[in-house]
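Have a look at start-v9.tsv below; it lists TSV, C-alpha atoms.
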chain	number	residue	atom	x	y	z
A	186	MET	CA	-136.70	6.40	-137.26
A	187	ARG	CA	-137.69	8.74	-134.46
A	188	ALA	CA	-135.14	7.14	-132.15
A	189	ILE	CA	-132.52	7.60	-134.82
A	190	ASN	CA	-133.49	11.21	-135.29
A	191	ARG	CA	-133.16	11.76	-131.58
A	192	LEU	CA	-129.77	10.09	-131.57
A	193	TRP	CA	-128.65	12.21	-134.46
A	194	TRP	CA	-129.64	15.38	-132.75
A	195	ALA	CA	-127.97	14.18	-129.57
A	196	ALA	CA	-124.78	13.69	-131.57
A	197	ALA	CA	-125.16	17.06	-133.25
A	198	ALA	CA	-125.82	18.75	-129.94
A	199	ALA	CA	-122.78	17.06	-128.41
A	200	LEU	CA	-120.71	18.32	-131.32
A	201	LEU	CA	-121.94	21.85	-131.03
A	202	TRP	CA	-121.34	21.77	-127.33
A	203	ALA	CA	-117.85	20.39	-127.67
A	204	LEU	CA	-116.70	22.35	-130.66
A	205	PRO	CA	-116.25	25.79	-129.24
A	206	ALA	CA	-114.22	24.22	-126.45
A	207	ILE	CA	-111.39	23.73	-128.91
A	208	ALA	CA	-111.02	27.45	-129.00
A	209	HIS	CA	-108.06	28.97	-127.21
A	210	HIS	CA	-109.77	29.85	-123.96
A	211	SER	CA	-113.20	28.57	-123.07
A	212	PHE	CA	-116.00	29.50	-125.43
A	213	ALA	CA	-118.34	29.52	-122.43
A	214	ALA	CA	-116.38	32.31	-120.74
A	215	GLU	CA	-117.41	34.70	-123.53
A	216	PHE	CA	-120.29	33.45	-125.64
A	217	ASP	CA	-123.85	32.40	-124.92
A	218	SER	CA	-124.55	29.07	-126.62
A	219	GLY	CA	-128.19	29.39	-125.56
A	220	LYS	CA	-128.74	32.39	-127.82
A	221	THR	CA	-128.42	32.60	-131.57
A	222	VAL	CA	-128.54	35.70	-133.72
A	223	THR	CA	-129.07	35.65	-137.47
A	224	LEU	CA	-127.33	38.36	-139.47
A	225	HIS	CA	-127.48	39.37	-143.13
A	226	GLY	CA	-124.53	41.33	-144.43
A	227	VAL	CA	-121.32	41.49	-146.40
A	228	VAL	CA	-117.90	40.32	-145.20
A	229	SER	CA	-115.91	43.55	-145.03
A	230	LYS	CA	-112.73	42.49	-143.24
A	231	VAL	CA	-110.96	39.38	-141.99
A	232	ASP	CA	-108.30	39.26	-139.28
A	233	TRP	CA	-106.23	36.13	-139.88
A	234	ILE	CA	-104.81	36.10	-136.38
A	235	ASN	CA	-104.12	33.86	-133.42
A	236	PRO	CA	-105.65	32.72	-131.20
A	237	HIS	CA	-108.75	32.91	-133.43
A	238	ILE	CA	-109.58	34.44	-136.76
A	239	PHE	CA	-112.21	37.19	-136.87
A	240	VAL	CA	-114.66	37.78	-139.70
A	241	TYR	CA	-116.26	41.23	-139.82
A	242	LEU	CA	-119.73	41.53	-141.26
A	243	ASP	CA	-121.30	44.83	-142.33
A	244	VAL	CA	-124.99	44.55	-141.46
A	245	LYS	CA	-127.47	47.22	-142.62
A	246	ASP	CA	-130.61	47.81	-140.61
A	247	ASP	CA	-133.96	48.95	-142.05
A	248	SER	CA	-132.94	52.59	-141.78
A	249	GLY	CA	-129.82	51.97	-143.82
A	250	LYS	CA	-127.44	52.30	-140.87
A	251	THR	CA	-124.50	49.88	-141.02
A	252	THR	CA	-123.25	48.00	-137.97
A	253	THR	CA	-120.07	45.95	-138.26
A	254	TRP	CA	-120.22	42.68	-136.33
A	255	ALA	CA	-116.95	41.13	-135.13
A	256	LEU	CA	-117.37	37.37	-135.39
A	257	GLN	CA	-114.84	35.08	-133.78
A	258	SER	CA	-114.11	31.74	-135.41
A	259	LEU	CA	-111.46	29.03	-135.04
A	260	PRO	CA	-107.65	29.24	-134.72
A	261	PRO	CA	-105.88	29.93	-138.03
A	262	LEU	CA	-104.01	26.60	-137.96
A	263	PHE	CA	-107.32	24.76	-138.13
A	264	PHE	CA	-107.82	26.05	-141.67
A	265	ARG	CA	-104.44	24.89	-142.94
A	266	GLY	CA	-104.75	22.88	-146.14
A	267	SER	CA	-108.52	23.29	-146.29
A	268	GLY	CA	-108.59	25.89	-149.05
A	269	LEU	CA	-110.53	28.29	-146.85
A	270	THR	CA	-108.31	31.35	-146.56
A	271	LYS	CA	-108.57	35.03	-145.76
A	272	ASP	CA	-108.66	35.78	-149.50
A	273	VAL	CA	-111.48	33.29	-150.08
A	274	LEU	CA	-113.54	34.84	-147.30
A	275	LEU	CA	-112.89	38.37	-148.58
A	276	SER	CA	-113.35	37.69	-152.29
A	277	ASN	CA	-117.07	36.94	-152.03
A	278	LYS	CA	-118.87	40.28	-151.87
A	279	GLN	CA	-122.39	38.85	-151.94
A	280	GLU	CA	-124.73	39.28	-149.01
A	281	VAL	CA	-124.37	36.28	-146.73
A	282	THR	CA	-126.35	34.94	-143.81
A	283	VAL	CA	-124.51	34.30	-140.57
A	284	THR	CA	-125.73	32.62	-137.41
A	285	ALA	CA	-123.73	33.38	-134.30
A	286	ASN	CA	-123.74	33.01	-130.54
A	287	PRO	CA	-123.60	36.52	-129.09
A	288	ALA	CA	-121.20	37.66	-126.37
A	289	LYS	CA	-122.38	37.09	-122.81
A	290	ASP	CA	-121.14	40.50	-121.70
A	291	GLY	CA	-123.83	42.24	-123.70
A	292	SER	CA	-121.33	44.07	-125.88
A	293	GLY	CA	-123.17	44.54	-129.13
A	294	ALA	CA	-122.06	43.25	-132.51
A	295	TYR	CA	-119.65	40.64	-131.09
A	296	GLY	CA	-120.17	36.91	-131.31
A	297	PHE	CA	-118.90	33.44	-132.24
A	298	MET	CA	-119.74	32.47	-135.81
A	299	ILE	CA	-121.60	29.16	-136.08
A	300	LYS	CA	-122.47	29.21	-139.77
A	301	LEU	CA	-121.85	31.41	-142.78
A	302	SER	CA	-124.18	30.70	-145.73
A	303	TYR	CA	-123.71	31.99	-149.27
A	304	PRO	CA	-126.62	32.61	-151.66
A	305	ASP	CA	-125.65	29.63	-153.83
A	306	GLY	CA	-126.09	27.29	-150.87
A	307	HIS	CA	-122.53	26.59	-149.88
A	308	VAL	CA	-121.55	27.18	-146.27
A	309	PHE	CA	-118.75	27.46	-143.77
A	310	SER	CA	-120.25	25.69	-140.81
A	311	MET	CA	-119.41	24.31	-137.40
A	312	SER	CA	-121.91	21.49	-138.04
A	313	PRO	CA	-120.64	18.73	-140.37
A	314	GLN	CA	-124.14	17.83	-141.48
A	315	ASP	CA	-124.50	21.25	-143.10
A	316	ALA	CA	-121.85	20.42	-145.65
A	317	ASP	CA	-121.64	16.66	-145.91
A	318	PRO	CA	-124.40	15.24	-148.12
A	319	ASN	CA	-124.06	11.85	-146.46
A	320	LEU	CA	-124.71	13.31	-143.05
A	321	ARG	CA	-127.39	15.67	-144.33
A	322	GLY	CA	-129.43	12.75	-145.59
A	323	LYS	CA	-129.55	11.29	-142.10
A	324	LYS	CA	-131.38	14.18	-140.48
B	200	MET	CA	-133.47	-2.06	-140.79
B	201	VAL	CA	-129.84	-2.94	-141.29
B	202	SER	CA	-129.06	0.59	-142.37
B	203	GLU	CA	-130.97	1.97	-139.40
B	204	LEU	CA	-128.89	-0.16	-137.06
B	205	ALA	CA	-125.75	0.99	-138.81
B	206	ASN	CA	-126.90	4.57	-138.43
B	207	HIS	CA	-127.63	3.93	-134.81
B	208	ARG	CA	-124.13	2.66	-134.22
B	209	THR	CA	-122.54	5.49	-136.19
B	210	LEU	CA	-124.49	8.15	-134.40
B	211	THR	CA	-123.87	6.64	-130.99
B	212	LEU	CA	-120.18	6.48	-131.81
B	213	ALA	CA	-120.31	10.09	-132.94
B	214	ALA	CA	-122.03	11.14	-129.76
B	215	VAL	CA	-119.48	9.33	-127.61
B	216	LEU	CA	-116.50	10.59	-129.54
B	217	LEU	CA	-117.68	14.13	-129.77
B	218	ALA	CA	-118.74	14.60	-126.21
B	219	ALA	CA	-116.65	15.11	-123.10
B	220	PRO	CA	-113.09	14.25	-124.13
B	221	LEU	CA	-112.81	16.64	-127.02
B	222	GLY	CA	-113.07	19.77	-125.00
B	223	ILE	CA	-109.91	18.79	-123.20
B	224	GLN	CA	-107.87	16.81	-125.68
B	225	ALA	CA	-108.81	18.19	-129.06
B	226	GLN	CA	-105.51	19.93	-129.52
B	227	THR	CA	-103.26	16.96	-128.87
B	228	ASN	CA	-102.72	15.88	-132.44
B	229	TYR	CA	-99.62	13.74	-131.79
B	230	ALA	CA	-101.54	10.53	-132.50
B	231	ALA	CA	-103.06	12.03	-135.65
B	232	GLU	CA	-99.57	12.99	-136.83
B	233	ALA	CA	-98.29	9.48	-136.09
B	234	ALA	CA	-101.18	8.02	-138.10
B	235	LYS	CA	-100.01	9.98	-141.15
B	236	ASN	CA	-96.65	8.18	-140.99
B	237	PRO	CA	-97.38	4.53	-140.14
B	238	GLY	CA	-94.43	2.37	-139.14
B	239	ALA	CA	-92.31	5.47	-138.52
B	240	SER	CA	-90.52	4.10	-135.46
B	241	SER	CA	-89.38	0.91	-137.19
B	242	ARG	CA	-87.49	2.66	-139.97
B	243	PRO	CA	-83.70	2.99	-139.89
B	244	THR	CA	-82.38	5.92	-137.87
B	245	PRO	CA	-80.32	8.16	-140.17
B	246	LEU	CA	-77.02	9.59	-138.96
B	247	LEU	CA	-75.20	12.78	-139.92
B	248	ALA	CA	-71.59	12.81	-141.08
B	249	ASP	CA	-70.44	13.44	-137.50
B	250	GLY	CA	-72.02	10.13	-136.47
B	251	HIS	CA	-74.83	11.60	-134.40
B	252	PRO	CA	-78.48	10.86	-135.15
B	253	ASP	CA	-80.00	13.23	-137.70
B	254	LEU	CA	-82.69	15.21	-135.91
B	255	ASN	CA	-83.37	17.54	-138.83
B	256	GLY	CA	-86.98	17.83	-139.86
B	257	VAL	CA	-90.47	18.99	-139.00
B	258	TRP	CA	-91.68	16.92	-136.05
B	259	HIS	CA	-94.88	18.46	-134.81
B	260	HIS	CA	-97.52	21.02	-135.64
B	261	PHE	CA	-99.20	22.80	-132.77
B	262	PHE	CA	-102.84	21.79	-132.63
B	263	GLY	CA	-105.72	21.56	-134.96
B	264	ILE	CA	-104.05	20.78	-138.26
B	265	GLY	CA	-106.60	19.59	-140.79
B	266	THR	CA	-109.61	20.45	-138.69
B	267	ILE	CA	-111.47	22.30	-141.44
B	268	GLN	CA	-112.40	20.20	-144.46
B	269	LYS	CA	-113.73	21.07	-147.88
B	270	VAL	CA	-116.85	19.10	-148.75
B	271	GLY	CA	-118.10	19.95	-152.21
B	272	GLU	CA	-118.04	23.74	-152.25
B	273	SER	CA	-118.60	23.98	-148.51
B	274	PHE	CA	-116.27	24.00	-145.54
B	275	THR	CA	-116.96	22.30	-142.27
B	276	VAL	CA	-115.21	20.87	-139.26
B	277	GLY	CA	-113.45	17.52	-139.58
B	278	GLY	CA	-110.29	16.13	-138.03
B	279	ALA	CA	-110.95	16.14	-134.31
B	280	PHE	CA	-114.67	16.46	-135.03
B	281	SER	CA	-115.04	13.74	-137.62
B	282	PRO	CA	-116.16	10.39	-136.20
B	283	LYS	CA	-113.50	8.80	-138.42
B	284	SER	CA	-110.58	10.63	-136.87
B	285	ALA	CA	-111.81	12.03	-133.56
B	286	GLY	CA	-110.21	9.17	-131.65
B	287	LEU	CA	-106.77	10.26	-132.83
B	288	TYR	CA	-107.28	13.67	-131.29
B	289	SER	CA	-108.82	12.49	-128.05
B	290	GLN	CA	-106.12	10.04	-126.99
B	291	PRO	CA	-105.10	11.06	-123.48
B	292	LEU	CA	-101.45	11.98	-123.03
B	293	ARG	CA	-101.50	10.72	-119.43
B	294	ASP	CA	-99.16	13.46	-118.28
B	295	SER	CA	-98.14	13.29	-114.65
B	296	LYS	CA	-98.85	16.35	-112.54
B	297	PRO	CA	-96.09	18.26	-110.78
B	298	GLU	CA	-96.14	17.85	-107.01
B	299	TYR	CA	-95.88	21.21	-105.27
B	300	LYS	CA	-94.84	22.19	-101.78
B	301	PRO	CA	-97.90	23.29	-99.78
B	302	GLU	CA	-97.36	27.05	-100.05
B	303	ALA	CA	-96.81	26.86	-103.80
B	304	ALA	CA	-99.76	24.50	-104.20
B	305	ALA	CA	-102.07	27.14	-102.75
B	306	LYS	CA	-100.78	29.67	-105.27
B	307	VAL	CA	-101.22	27.20	-108.13
B	308	LYS	CA	-104.83	26.68	-107.08
B	309	LEU	CA	-105.47	30.42	-107.07
B	310	LEU	CA	-103.80	30.94	-110.45
B	311	ASN	CA	-105.77	28.06	-111.93
B	312	GLU	CA	-109.04	29.48	-110.69
B	313	ASN	CA	-108.18	32.80	-112.32
B	314	GLN	CA	-106.52	31.41	-115.42
B	315	VAL	CA	-108.36	33.54	-117.97
B	316	LYS	CA	-106.79	36.58	-116.28
B	317	GLU	CA	-103.52	35.15	-115.03
B	318	ASP	CA	-102.39	32.94	-117.91
B	319	GLN	CA	-100.22	35.17	-120.04
B	320	THR	CA	-100.37	32.79	-123.00
B	321	LEU	CA	-104.09	33.57	-123.30
B	322	HIS	CA	-102.96	37.13	-123.94
B	323	CYS	CA	-100.36	36.29	-126.56
B	324	ILE	CA	-97.29	36.21	-124.29
B	325	ASN	CA	-94.69	33.47	-124.88
B	326	PRO	CA	-95.30	30.23	-122.96
B	327	GLY	CA	-91.56	29.86	-122.35
B	328	VAL	CA	-89.61	26.66	-121.70
B	329	PRO	CA	-90.79	24.02	-120.85
B	330	ARG	CA	-94.43	24.96	-121.57
B	331	LEU	CA	-93.53	25.71	-125.19
B	332	GLY	CA	-93.36	21.95	-125.68
B	333	PRO	CA	-91.22	19.83	-127.97
B	334	PRO	CA	-89.64	21.49	-131.03
B	335	HIS	CA	-91.82	21.75	-134.11
B	336	GLN	CA	-88.78	21.75	-136.37
B	337	ILE	CA	-85.10	21.01	-135.70
B	338	VAL	CA	-82.19	22.36	-137.74
B	339	GLN	CA	-79.02	20.57	-136.70
B	340	THR	CA	-75.33	21.00	-137.45
B	341	ALA	CA	-72.30	19.59	-135.71
B	342	LYS	CA	-71.95	22.78	-133.67
B	343	GLN	CA	-75.52	23.73	-132.84
B	344	ALA	CA	-79.15	22.73	-132.97
B	345	ILE	CA	-81.91	25.22	-133.69
B	346	PHE	CA	-85.38	24.51	-132.38
B	347	LEU	CA	-88.20	26.26	-134.23
B	348	TYR	CA	-91.77	26.67	-133.04
B	349	ALA	CA	-94.88	28.07	-134.71
B	350	ASP	CA	-96.75	28.53	-131.47
B	351	ASN	CA	-100.12	30.21	-131.46
B	352	THR	CA	-98.63	32.95	-129.27
B	353	GLY	CA	-96.03	33.65	-131.96
B	354	ASN	CA	-92.99	32.25	-133.72
B	355	GLN	CA	-90.23	31.09	-131.39
B	356	TRP	CA	-86.68	29.86	-131.81
B	357	ARG	CA	-83.96	28.50	-129.59
B	358	VAL	CA	-80.28	28.27	-130.51
B	359	ILE	CA	-78.62	25.40	-128.66
B	360	PRO	CA	-74.81	25.28	-128.87
B	361	LEU	CA	-73.36	21.76	-129.09
B	362	ASP	CA	-69.71	22.83	-128.86
B	363	GLY	CA	-69.24	21.91	-125.23
B	364	ARG	CA	-69.60	25.40	-123.81
B	365	ALA	CA	-71.01	25.95	-120.34
B	366	HIS	CA	-73.94	28.16	-119.43
B	367	SER	CA	-73.30	31.86	-119.50
B	368	THR	CA	-71.90	33.11	-116.21
B	369	ASP	CA	-72.46	36.77	-117.03
B	370	PRO	CA	-74.46	38.12	-114.07
B	371	GLU	CA	-75.99	40.71	-116.38
B	372	THR	CA	-77.61	38.01	-118.51
B	373	ALA	CA	-81.30	38.36	-117.80
B	374	ALA	CA	-83.68	35.52	-117.26
B	375	THR	CA	-85.77	34.98	-120.39
B	376	TYR	CA	-88.79	33.05	-121.56
B	377	ASN	CA	-86.76	30.35	-123.31
B	378	GLY	CA	-83.71	30.56	-121.03
B	379	ASP	CA	-80.08	29.74	-121.67
B	380	SER	CA	-79.73	26.37	-123.42
B	381	VAL	CA	-76.61	24.27	-123.95
B	382	GLY	CA	-76.61	20.83	-125.50
B	383	HIS	CA	-74.47	17.73	-125.60
B	384	TRP	CA	-74.76	14.17	-126.87
B	385	ASP	CA	-75.21	11.36	-124.39
B	386	GLY	CA	-74.69	8.42	-126.75
B	387	ASP	CA	-77.54	8.65	-129.26
B	388	THR	CA	-79.52	11.13	-127.17
B	389	LEU	CA	-79.34	14.91	-127.47
B	390	VAL	CA	-79.48	16.42	-123.98
B	391	VAL	CA	-80.40	20.10	-123.65
B	392	ASP	CA	-79.79	21.82	-120.34
B	393	VAL	CA	-81.77	25.02	-119.74
B	394	THR	CA	-81.29	27.63	-117.00
B	395	ARG	CA	-82.00	31.36	-116.49
B	396	LEU	CA	-85.71	31.01	-117.05
B	397	THR	CA	-88.00	33.83	-116.01
B	398	ASP	CA	-90.55	33.04	-113.32
B	399	GLU	CA	-93.21	34.93	-115.30
B	400	THR	CA	-94.07	31.69	-117.14
B	401	TRP	CA	-95.69	28.43	-116.05
B	402	LEU	CA	-94.62	24.81	-116.47
B	403	GLY	CA	-97.91	24.09	-118.18
B	404	ASP	CA	-101.60	24.93	-118.18
B	405	ASN	CA	-103.61	25.48	-115.03
B	406	GLY	CA	-101.39	27.72	-112.97
B	407	LEU	CA	-98.31	25.47	-112.78
B	408	LEU	CA	-95.96	28.16	-111.52
B	409	HIS	CA	-92.21	27.84	-111.06
B	410	SER	CA	-89.45	29.90	-109.52
B	411	ARG	CA	-86.26	31.43	-110.93
B	412	LYS	CA	-84.48	28.29	-109.69
B	413	LEU	CA	-86.14	26.20	-112.40
B	414	HIS	CA	-83.72	23.89	-114.19
B	415	VAL	CA	-84.99	22.11	-117.28
B	416	THR	CA	-83.44	19.09	-118.99
B	417	GLU	CA	-84.72	17.93	-122.36
B	418	ARG	CA	-83.73	14.60	-123.89
B	419	LEU	CA	-84.33	13.83	-127.57
B	420	ARG	CA	-83.69	10.35	-128.93
B	421	ARG	CA	-84.45	9.57	-132.54
B	422	ALA	CA	-85.86	6.10	-133.26
B	423	GLY	CA	-86.57	5.64	-136.97
B	424	ASP	CA	-88.79	8.51	-138.01
B	425	THR	CA	-89.83	9.31	-134.46
B	426	ILE	CA	-88.26	11.24	-131.61
B	427	GLN	CA	-88.81	10.34	-127.99
B	428	TYR	CA	-88.87	13.70	-126.24
B	429	THR	CA	-88.77	13.92	-122.47
B	430	VAL	CA	-88.50	17.06	-120.42
B	431	THR	CA	-87.71	17.22	-116.73
B	432	ALA	CA	-88.30	20.28	-114.57
B	433	GLU	CA	-86.38	20.59	-111.29
B	434	ASP	CA	-87.36	23.44	-109.01
B	435	PRO	CA	-86.55	22.71	-105.36
B	436	GLU	CA	-88.08	26.03	-104.31
B	437	VAL	CA	-91.63	25.05	-105.27
B	438	LEU	CA	-91.64	21.38	-106.35
B	439	GLN	CA	-91.45	18.42	-104.01
B	440	LYS	CA	-89.63	16.41	-106.65
B	441	PRO	CA	-88.61	16.74	-110.31
B	442	TRP	CA	-91.47	16.59	-112.80
B	443	THR	CA	-91.17	14.82	-116.16
B	444	LEU	CA	-93.39	14.54	-119.17
B	445	SER	CA	-92.89	12.72	-122.46
B	446	ARG	CA	-94.02	13.07	-126.05
B	447	THR	CA	-93.54	10.87	-129.10
B	448	LEU	CA	-92.93	13.03	-132.16
B	449	THR	CA	-93.33	11.75	-135.70
B	450	LEU	CA	-91.45	13.05	-138.73
B	451	GLN	CA	-93.85	15.15	-140.81
B	452	THR	CA	-93.70	15.70	-144.55
B	453	ASP	CA	-95.29	19.14	-144.64
B	454	ALA	CA	-93.40	22.35	-143.98
B	455	LEU	CA	-93.58	24.41	-140.83
B	456	GLU	CA	-95.48	27.57	-141.62
B	457	GLU	CA	-95.05	30.77	-139.68
B	458	ALA	CA	-97.68	31.40	-137.06
B	459	ALA	CA	-100.20	34.14	-137.73
B	460	PRO	CA	-99.73	37.13	-135.44
B	461	CYS	CA	-101.31	36.75	-132.01
B	462	ILE	CA	-103.63	39.61	-131.10
B	463	ASP	CA	-105.75	39.29	-127.98
B	464	LYS	CA	-109.26	40.51	-128.67
B	465	ASP	CA	-110.90	38.41	-125.96
B	466	ALA	CA	-109.60	40.01	-122.79
B	467	GLY	CA	-112.40	42.52	-122.40
B	468	HIS	CA	-115.15	39.98	-122.96
B	469	TYR	CA	-114.59	37.29	-120.35
B	470	VAL	CA	-117.67	36.93	-118.19
B	471	THR	CA	-116.70	33.73	-116.39
B	472	GLY	CA	-113.43	32.01	-115.57
B	473	GLU	CA	-114.14	28.88	-117.56
B	474	HIS	CA	-111.15	27.55	-119.43
B	475	HIS	CA	-109.59	24.39	-120.72
B	476	ASP	CA	-106.09	23.09	-121.40
B	477	ASN	CA	-104.04	24.16	-124.40
B	478	THR	CA	-101.71	21.18	-124.23
B	479	ARG	CA	-98.51	21.51	-126.18

Now, as a test, write the supplied structure out as structure tokens.
Amino acid sequence: MRAINRLWWAAAAALLWALPAIAHHSFAAEFDSGKTVTLHGVVSKVDWINPHIFVYLDVKDDSGKTTTWALQSLPPLFFRGSGLTKDVLLSNKQEVTVTANPAKDGSGAYGFMIKLSYPDGHVFSMSPQDADPNLRGKK
Amino acid sequence: MVSELANHRTLTLAAVLLAAPLGIQAQTNYAAEAAKNPGASSRPTPLLADGHPDLNGVWHHFFGIGTIQKVGESFTVGGAFSPKSAGLYSQPLRDSKPEYKPEAAAKVKLLNENQVKEDQTLHCINPGVPRLGPPHQIVQTAKQAIFLYADNTGNQWRVIPLDGRAHSTDPETAATYNGDSVGHWDGDTLVVDVTRLTDETWLGDNGLLHSRKLHVTERLRRAGDTIQYTVTAEDPEVLQKPWTLSRTLTLQTDALEEAAPCIDKDAGHYVTGEHHDNTR
């Protein structure tokens, strides 16, 4: 099974590597796939725009100060027919957990969203195995 | 053991499908659209009352349709990133490359190397004809054809008179992104002749510049529920010979939806010049 696990992770890694490349320009020109930040906050705004949608997350630090992260995602056409809309993203006011690749230019609070997890366990994820039970079982 | 072997094959397939080609070809969903309408080309070709082929319909959606899937209560990537359908999105279009005269070729190279700065479409400016690609929807009457596009840079339209008129000769008519189009029927083929195109646009991705002398000819021939679309660019100032590319469009059943507004929020964040094609 170890070989299979390795193959799975190779496939997952290939996916993660390839996926941001479908963005409008090159993901690599802006975001650092070698770094991941984990954020806890509330979705406060969504820009349903080309070439990519943006999800804004209000993140409170320990002192109570709020920083709004701008999180780039995929082009709006990619969501067509999926049921995931601006309204869906905005309607959930619970605190969510987001993992993101931060901007390479060091500008704070700007990144590419890899995964958005809700408290009940459902996700919006760039990794199919996060949502597909059949794939999840193969980890 | 059998299931492990099956897993092995599935995962290897996934790794192969999801690796190199997708970064380049993920947006070319022509094959995926054709797969939604099997046998389209062998159907009868409908005609309008004037006897010409009926080109009305939605024929193409610009990239990525159906990429996000709902799985249970969750949403994840599918389409181009599902092992089941990735092959449809990674089929190479085998486009020929325009052959430039040496001086222009040097400029193309420079533009390509600086594409994240120089490519106006990355900053929400119209791609223009011919880079705009084949029409997403056609509205056709005996006197005119309207080409509609929901491009990711914005919604576009072209009004193409079919009444036999010539190109505008008004010297005050400015060159524009989509140019001055006139159409006529050559047998069962709609031929669209385009002039007065601004040289601010490119023929395609990767710095493919052109001059104000660009002359574009599009040919659309309906075969069943498909359209064979070919576009030829002639530009003797920069090209060594005319350049042609072809697309097979398949009649779609879903409506064309307006493009979301294009707002460039990336420009200030580019650290490197890495880029990929946005094939239309």

Discussion item. Excluding Phe264 in chain A and its own-chain neighbours fewer than 6 positions away, which residues fall within 12 Å of it when counting only C-alpha atoms? Please give them as a PyMOL selection string.
Written reply: (chain A and resi 233-235+237-238+258+270-271+273-274+309) or (chain B and resi 262-269+274-278+459)

Suppose we keep C-alpha atoms; can you now write the selection as a compact mmCIF listing (two decimals), in the frame of the given file?
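After the write, selection34.txt holds the following:
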# COMPACT_ATOMS: atom_id res chain seq x y z
CA TRP A 233 -106.23 36.13 -139.88
CA ILE A 234 -104.81 36.10 -136.38
CA ASN A 235 -104.12 33.86 -133.42
CA HIS A 237 -108.75 32.91 -133.43
CA ILE A 238 -109.58 34.44 -136.76
CA SER A 258 -114.11 31.74 -135.41
CA THR A 270 -108.31 31.35 -146.56
CA LYS A 271 -108.57 35.03 -145.76
CA VAL A 273 -111.48 33.29 -150.08
CA LEU A 274 -113.54 34.84 -147.30
CA PHE A 309 -118.75 27.46 -143.77
CA PHE B 262 -102.84 21.79 -132.63
CA GLY B 263 -105.72 21.56 -134.96
CA ILE B 264 -104.05 20.78 -138.26
CA GLY B 265 -106.60 19.59 -140.79
CA THR B 266 -109.61 20.45 -138.69
CA ILE B 267 -111.47 22.30 -141.44
CA GLN B 268 -112.40 20.20 -144.46
CA LYS B 269 -113.73 21.07 -147.88
CA PHE B 274 -116.27 24.00 -145.54
CA THR B 275 -116.96 22.30 -142.27
CA VAL B 276 -115.21 20.87 -139.26
CA GLY B 277 -113.45 17.52 -139.58
CA GLY B 278 -110.29 16.13 -138.03
CA ALA B 459 -100.20 34.14 -137.73

Worksheet entry | Protein/DNA/RNA residues near (-122.6, 31.6, -146.0), cut 6 Å, only C-alpha atoms, as an MDAnalysis selection string | chainID A and resid 281:282 301:303 308

Fill in: Contacts of range 330-345 of chain B within 7 Å, all atoms listed in the file, excl. fewer than 4 positions in-chain, as a list in words
Asp249, Leu254, Asn255, Gly256, Val257, Trp258, His259, His260, Pro326, Trp356, Arg357, Val358, Ile359, Pro360, Leu361, Asp362, Trp401, Leu402, Gly403, Tyr428 and Arg479 of chain B

Item to complete: Grab the CA of Asp465 in chain B to CA of Leu321 in chain B distance for me, in Å with one decimal place.
Response: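 These two atoms are separated by 8.8 Å.
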
Fill in: Selection as number ranges by chain: residues within 9 Å of (-91.7, 9.9, -140.4), counting all atoms listed in the file
B: 233, 235-240, 242, 258, 423-425, 448-452

Item to complete: Figure out the distance between CA of Ile426 in chain B and CA of Pro243 in chain B, please, to one decimal in Å.
Response: 12.5 Å

Practice prompt. Find the residues around Thr284 in chain A up to 7 Å (all atoms listed in the file counted), leave out those fewer than 5 positions away in its own chain, and share them as number ranges by chain.
Written response: A: 221-224, 298-301

Worksheet, complete the sentence: With distances taken over all atoms listed in the file, the candidate from B:Gly353, B:Gly363, B:Gly327, B:Pro441 nearest chain A is B:Gly353

Worksheet item: Do you have the CA of Ala454 in chain B-CA of Asn351 in chain B distance handy?
Response: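 Separation of CA of Ala454 in chain B and CA of Asn351 in chain B: 16.2 Å.
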
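Each of A:Val240, A:Val231, A:Met311, A:Leu275 was compared to chain B using only C-alpha atoms, and A:Met311 turns out to be the nearest.
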
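Nearest-residue note for chain A: choosing from B:Val270, B:Ile324, B:Ala466, B:Leu347, the minimum distance belongs to B:Val270, counting only C-alpha atoms.
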
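With all atoms listed in the file as the atoms that count, the minimum distance from Asp232 in chain A to the choices A:Val283, A:Leu269, A:Leu262, A:Leu256 is reached by A:Leu256.
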
Response to the item:
Min atom-atom distance to Phe263 in chain A from the set A:Asp247, A:Pro236, A:Lys220, A:Ala294, counting all atoms listed in the file, belongs to A:Pro236

Practice prompt. For each of B:His322, B:His414, B:Arg446, B:His409, take the minimum atom-to-atom distance to chain A, counting only C-alpha atoms, then give the residue where this is smallest.
Written response: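 Among the listed residues, the smallest separation from chain A belongs to B:His322.
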
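Excluding Val227 in chain A and any residue on its chain fewer than 6 positions from it, the residues at most 8 Å away by all atoms listed in the file are Leu242, Asp243, Val244, Lys278, Gln279, Glu280 and Val281 of chain A.
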